[in-house]
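These notes concern the structure reproduced below.
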Amino acid sequence: MHNIAIPFITLLVGIAGHSLTQSGMEWYKTVKRPRWTPSGGTIGIVWTTIYVFAAISALLVWNLYADKAGIAVSMLFVANAALNLGWSYIFFVRHDFGLAVIEMCLLNLTNLILMYIIWPLSLYAALLLLPYFIWVCFATYLSVIIRKMNRR
């Protein structure tokens, strides 16, 4: 069951996040951003890769260590997905830079906790989440800069 559910949920999160992002794209074009802001195409490639890696990580943990990982890891993956979607909503729909930065810190906290808990079970599964952690660190920094550039 989880062999199908995990990729399906990951796909749904990706589609929903893309939809939320697209709903705010006209507004985002008016936002001051640093010159080094990645292009939309680059961001799309990065997030697609992150979602694939996260799904593989979750599948590895579930298929190999479900008895050890249990509900806690599953709930962390679900919380992480919810926070991921929450950022898109807060930033692109509500246009709240400050809350988006706080939310991204919580998102990355779940990334760190997941890597910490998964590490003893599967180094490979934990390392698959490392690009996600690094990207969210970068995106948080970018959001802080955007917030500063757009203060009124």
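Identifiers in this document derive from the order of the structure tokens: chains are assigned A, B, ..., residues are numbered from 1 separately in each chain, and ligands are numbered from 1 in order of occurrence.
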Distance query region 112-114 of chain A at most 8 Å, only C-alpha atoms, self and fewer than 4 positions along chain excluded, as a list in words: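 The filter keeps Val73, Leu76, Phe77, Asn108, Ile118, Ala126 and Phe133 of chain A.
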May I have the selected residues written with C-alpha atoms, as a CSV table (one decimal), in the first residue's frame?
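File written: out-v5.csv
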chain,number,residue,atom,x,y,z
A,73,VAL,CA,8.6,9.0,11.1
A,76,LEU,CA,7.1,13.7,10.4
A,77,PHE,CA,7.0,13.1,6.7
A,108,ASN,CA,13.7,22.8,8.0
A,118,ILE,CA,16.4,8.1,9.9
A,126,ALA,CA,18.9,10.3,5.5
A,133,PHE,CA,17.7,20.7,3.8
Contacts of region 10-27 of chain A within 6 Å, only C-alpha atoms, excl. fewer than 2 positions in-chain, as a list of chain:residue names: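 Non-adjacent residues within range: A:Pro7, A:Phe8, A:Lys29, A:Thr30, A:Leu85, A:Ser88, A:Tyr89, A:Phe92, A:Val93.
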Only C-alpha atoms, please: the residues just picked out, written as a tab-separated table (two decimals), in the first residue's frame.
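Everything below was put into out_24.tsv:
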chain	number	residue	atom	x	y	z
A	7	PRO	CA	4.74	8.57	-4.46
A	8	PHE	CA	1.06	9.51	-4.92
A	29	LYS	CA	6.73	39.47	-10.60
A	30	THR	CA	6.21	42.81	-8.81
A	85	LEU	CA	2.53	23.44	1.19
A	88	SER	CA	3.62	28.23	-0.74
A	89	TYR	CA	0.30	29.41	0.66
A	92	PHE	CA	2.35	33.27	-2.74
A	93	VAL	CA	-1.27	33.59	-1.57
Exercise: region 50-53 of chain A partners within 7 Å, only C-alpha atoms, chain neighbours under 5 positions left out, as a list in words: Thr10, Leu128, Leu129, Pro131 and Tyr132 of chain A
Test item: residues at most 10 Å from Ala125 (chain A), only C-alpha atoms, excluding those fewer than 4 positions along its chain, as a PyMOL selection string: chain A and resi 53-61+114-115+118-121+129-130
Write out, as a JSON list (two decimals), in the first residue's frame, the residues just selected, with N, CA and C atoms.
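Wrote again21.json, looks like this:
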[["chain", "number", "residue", "atom", "x", "y", "z"],
["A", 53, "PHE", "N", 13.69, 12.63, -4.39],
["A", 53, "PHE", "CA", 14.58, 12.13, -3.33],
["A", 53, "PHE", "C", 13.81, 11.87, -2.03],
["A", 54, "ALA", "N", 12.90, 12.78, -1.67],
["A", 54, "ALA", "CA", 12.13, 12.61, -0.43],
["A", 54, "ALA", "C", 11.22, 11.38, -0.52],
["A", 55, "ALA", "N", 10.61, 11.17, -1.69],
["A", 55, "ALA", "CA", 9.76, 9.99, -1.86],
["A", 55, "ALA", "C", 10.58, 8.71, -1.76],
["A", 56, "ILE", "N", 11.76, 8.70, -2.37],
["A", 56, "ILE", "CA", 12.63, 7.53, -2.28],
["A", 56, "ILE", "C", 13.05, 7.30, -0.82],
["A", 57, "SER", "N", 13.40, 8.37, -0.13],
["A", 57, "SER", "CA", 13.78, 8.26, 1.27],
["A", 57, "SER", "C", 12.64, 7.64, 2.09],
["A", 58, "ALA", "N", 11.45, 8.18, 1.91],
["A", 58, "ALA", "CA", 10.29, 7.67, 2.66],
["A", 58, "ALA", "C", 10.01, 6.21, 2.31],
["A", 59, "LEU", "N", 10.12, 5.86, 1.04],
["A", 59, "LEU", "CA", 9.90, 4.46, 0.63],
["A", 59, "LEU", "C", 10.95, 3.53, 1.24],
["A", 60, "LEU", "N", 12.20, 3.96, 1.22],
["A", 60, "LEU", "CA", 13.25, 3.14, 1.83],
["A", 60, "LEU", "C", 12.98, 2.89, 3.29],
["A", 61, "VAL", "N", 12.68, 3.96, 3.99],
["A", 61, "VAL", "CA", 12.44, 3.83, 5.43],
["A", 61, "VAL", "C", 11.23, 2.95, 5.68],
["A", 114, "LEU", "N", 13.91, 14.56, 10.75],
["A", 114, "LEU", "CA", 13.80, 13.37, 9.92],
["A", 114, "LEU", "C", 15.17, 12.75, 9.64],
["A", 115, "MET", "N", 16.13, 13.59, 9.25],
["A", 115, "MET", "CA", 17.47, 13.06, 8.97],
["A", 115, "MET", "C", 18.08, 12.42, 10.22],
["A", 118, "ILE", "N", 16.20, 9.08, 10.93],
["A", 118, "ILE", "CA", 16.41, 8.09, 9.88],
["A", 118, "ILE", "C", 17.86, 7.61, 9.81],
["A", 119, "TRP", "N", 18.81, 8.48, 10.16],
["A", 119, "TRP", "CA", 20.24, 8.19, 10.03],
["A", 119, "TRP", "C", 20.64, 6.81, 10.56],
["A", 120, "PRO", "N", 20.22, 6.44, 11.80],
["A", 120, "PRO", "CA", 20.62, 5.12, 12.30],
["A", 120, "PRO", "C", 19.99, 3.96, 11.52],
["A", 121, "LEU", "N", 18.87, 4.20, 10.89],
["A", 121, "LEU", "CA", 18.19, 3.15, 10.12],
["A", 121, "LEU", "C", 18.79, 3.00, 8.73],
["A", 129, "LEU", "N", 17.68, 13.29, 1.98],
["A", 129, "LEU", "CA", 17.00, 14.49, 2.46],
["A", 129, "LEU", "C", 17.93, 15.69, 2.58],
["A", 130, "LEU", "N", 19.22, 15.48, 2.45],
["A", 130, "LEU", "CA", 20.19, 16.56, 2.60],
["A", 130, "LEU", "C", 20.01, 17.67, 1.55]]
Write out as an mmCIF file with C-alpha atoms, in the first residue's frame all residues of chain A that backbone DSSP assigns to alpha helix (DSSP H).
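What follows is the written file states29.cif:
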data_model
loop_
_atom_site.group_PDB
_atom_site.id
_atom_site.type_symbol
_atom_site.label_atom_id
_atom_site.label_comp_id
_atom_site.auth_asym_id
_atom_site.auth_seq_id
_atom_site.Cartn_x
_atom_site.Cartn_y
_atom_site.Cartn_z
ATOM 1 C CA HIS A 2 2.692 2.502 0.968
ATOM 2 C CA ASN A 3 4.617 1.702 -2.205
ATOM 3 C CA ILE A 4 1.816 3.451 -4.067
ATOM 4 C CA ALA A 5 0.689 5.938 -1.414
ATOM 5 C CA ILE A 6 4.053 7.610 -0.818
ATOM 6 C CA PRO A 7 4.741 8.569 -4.461
ATOM 7 C CA PHE A 8 1.062 9.511 -4.922
ATOM 8 C CA ILE A 9 1.072 11.815 -1.878
ATOM 9 C CA THR A 10 4.405 13.290 -2.995
ATOM 10 C CA LEU A 11 2.937 13.983 -6.427
ATOM 11 C CA LEU A 12 -0.162 15.593 -4.890
ATOM 12 C CA VAL A 13 1.992 17.829 -2.670
ATOM 13 C CA GLY A 14 4.046 18.858 -5.705
ATOM 14 C CA ILE A 15 0.965 19.635 -7.790
ATOM 15 C CA ALA A 16 -0.727 21.551 -4.961
ATOM 16 C CA GLY A 17 2.457 23.530 -4.238
ATOM 17 C CA HIS A 18 2.845 24.365 -7.918
ATOM 18 C CA SER A 19 -0.783 25.483 -8.076
ATOM 19 C CA LEU A 20 -0.392 27.755 -5.041
ATOM 20 C CA THR A 21 2.816 29.177 -6.477
ATOM 21 C CA GLN A 22 1.226 29.834 -9.864
ATOM 22 C CA SER A 23 -1.717 31.605 -8.217
ATOM 23 C CA MET A 25 3.022 34.518 -9.839
ATOM 24 C CA GLU A 26 1.646 37.853 -11.114
ATOM 25 C CA TRP A 27 2.171 39.340 -7.657
ATOM 26 C CA TYR A 28 5.634 37.748 -7.377
ATOM 27 C CA GLY A 40 11.612 29.621 -12.258
ATOM 28 C CA GLY A 41 12.997 26.812 -14.404
ATOM 29 C CA THR A 42 15.861 26.200 -11.997
ATOM 30 C CA ILE A 43 13.511 26.245 -9.028
ATOM 31 C CA GLY A 44 11.227 23.741 -10.771
ATOM 32 C CA ILE A 45 14.115 21.345 -11.442
ATOM 33 C CA VAL A 46 15.363 21.638 -7.865
ATOM 34 C CA TRP A 47 11.939 20.987 -6.330
ATOM 35 C CA THR A 48 11.233 18.073 -8.661
ATOM 36 C CA THR A 49 14.545 16.506 -7.630
ATOM 37 C CA ILE A 50 13.840 17.166 -3.949
ATOM 38 C CA TYR A 51 10.393 15.550 -4.177
ATOM 39 C CA VAL A 52 11.810 12.482 -5.927
ATOM 40 C CA PHE A 53 14.575 12.130 -3.328
ATOM 41 C CA ALA A 54 12.126 12.613 -0.429
ATOM 42 C CA ALA A 55 9.756 9.991 -1.860
ATOM 43 C CA ILE A 56 12.631 7.528 -2.275
ATOM 44 C CA SER A 57 13.778 8.255 1.270
ATOM 45 C CA ALA A 58 10.290 7.670 2.656
ATOM 46 C CA LEU A 59 9.903 4.460 0.631
ATOM 47 C CA LEU A 60 13.254 3.139 1.826
ATOM 48 C CA VAL A 61 12.436 3.830 5.434
ATOM 49 C CA TRP A 62 8.943 2.431 5.192
ATOM 50 C CA ASN A 63 9.832 -0.706 3.222
ATOM 51 C CA LEU A 64 12.948 -1.600 5.175
ATOM 52 C CA TYR A 65 12.348 -0.225 8.654
ATOM 53 C CA ALA A 66 8.620 0.325 9.170
ATOM 54 C CA ASP A 67 8.730 -1.648 12.407
ATOM 55 C CA LYS A 68 11.552 0.556 13.793
ATOM 56 C CA ALA A 69 10.492 3.881 12.269
ATOM 57 C CA GLY A 70 6.836 3.465 13.059
ATOM 58 C CA ILE A 71 4.216 6.140 13.090
ATOM 59 C CA ALA A 72 6.562 8.913 14.284
ATOM 60 C CA VAL A 73 8.560 9.007 11.056
ATOM 61 C CA SER A 74 5.401 8.778 8.950
ATOM 62 C CA MET A 75 3.886 11.676 10.877
ATOM 63 C CA LEU A 76 7.079 13.717 10.429
ATOM 64 C CA PHE A 77 6.957 13.146 6.674
ATOM 65 C CA VAL A 78 3.286 14.244 6.679
ATOM 66 C CA ALA A 79 4.075 17.321 8.817
ATOM 67 C CA ASN A 80 6.928 18.148 6.458
ATOM 68 C CA ALA A 81 4.620 17.931 3.448
ATOM 69 C CA ALA A 82 2.048 20.149 5.184
ATOM 70 C CA LEU A 83 4.715 22.724 6.067
ATOM 71 C CA ASN A 84 6.001 22.610 2.503
ATOM 72 C CA LEU A 85 2.530 23.436 1.191
ATOM 73 C CA GLY A 86 2.031 25.968 3.961
ATOM 74 C CA TRP A 87 5.009 27.983 2.792
ATOM 75 C CA SER A 88 3.617 28.232 -0.742
ATOM 76 C CA PHE A 97 7.197 37.475 4.035
ATOM 77 C CA GLY A 98 7.782 37.350 7.796
ATOM 78 C CA LEU A 99 5.497 34.411 8.489
ATOM 79 C CA ALA A 100 6.926 32.615 5.451
ATOM 80 C CA VAL A 101 10.428 32.845 6.921
ATOM 81 C CA ILE A 102 9.232 31.482 10.269
ATOM 82 C CA GLU A 103 7.374 28.696 8.497
ATOM 83 C CA MET A 104 10.492 27.787 6.497
ATOM 84 C CA CYS A 105 12.467 27.466 9.727
ATOM 85 C CA LEU A 106 9.849 24.990 10.983
ATOM 86 C CA LEU A 107 9.996 23.153 7.655
ATOM 87 C CA ASN A 108 13.734 22.777 7.951
ATOM 88 C CA LEU A 109 13.427 21.701 11.567
ATOM 89 C CA THR A 110 11.326 18.754 10.369
ATOM 90 C CA ASN A 111 14.021 18.046 7.743
ATOM 91 C CA LEU A 112 16.691 17.934 10.456
ATOM 92 C CA ILE A 113 14.587 15.769 12.763
ATOM 93 C CA LEU A 114 13.799 13.366 9.919
ATOM 94 C CA MET A 115 17.467 13.059 8.972
ATOM 95 C CA TYR A 116 18.438 12.549 12.627
ATOM 96 C CA ILE A 117 15.831 9.829 13.212
ATOM 97 C CA ILE A 118 16.410 8.087 9.877
ATOM 98 C CA LEU A 123 22.335 6.521 5.997
ATOM 99 C CA TYR A 124 21.268 6.552 2.349
ATOM 100 C CA ALA A 125 17.661 7.527 3.177
ATOM 101 C CA ALA A 126 18.896 10.293 5.488
ATOM 102 C CA LEU A 127 21.327 11.633 2.887
ATOM 103 C CA LEU A 130 20.192 16.559 2.596
ATOM 104 C CA PRO A 131 19.545 18.450 -0.696
ATOM 105 C CA TYR A 132 16.099 19.351 0.668
ATOM 106 C CA PHE A 133 17.669 20.723 3.847
ATOM 107 C CA ILE A 134 20.304 22.688 1.917
ATOM 108 C CA TRP A 135 17.741 24.109 -0.521
ATOM 109 C CA VAL A 136 15.395 25.214 2.262
ATOM 110 C CA CYS A 137 18.344 26.910 4.006
ATOM 111 C CA PHE A 138 19.069 28.787 0.783
ATOM 112 C CA ALA A 139 15.386 29.571 0.197
ATOM 113 C CA THR A 140 15.042 30.843 3.772
ATOM 114 C CA TYR A 141 17.998 33.175 3.269
ATOM 115 C CA LEU A 142 16.528 34.342 -0.042
ATOM 116 C CA SER A 143 13.166 34.977 1.665
ATOM 117 C CA VAL A 144 14.860 37.035 4.388
ATOM 118 C CA ILE A 145 16.555 39.171 1.710
ATOM 119 C CA ILE A 146 13.297 39.560 -0.230
ATOM 120 C CA ARG A 147 11.527 40.578 2.984
ATOM 121 C CA LYS A 148 14.167 43.264 3.640
ATOM 122 C CA MET A 149 14.032 44.517 0.042
#
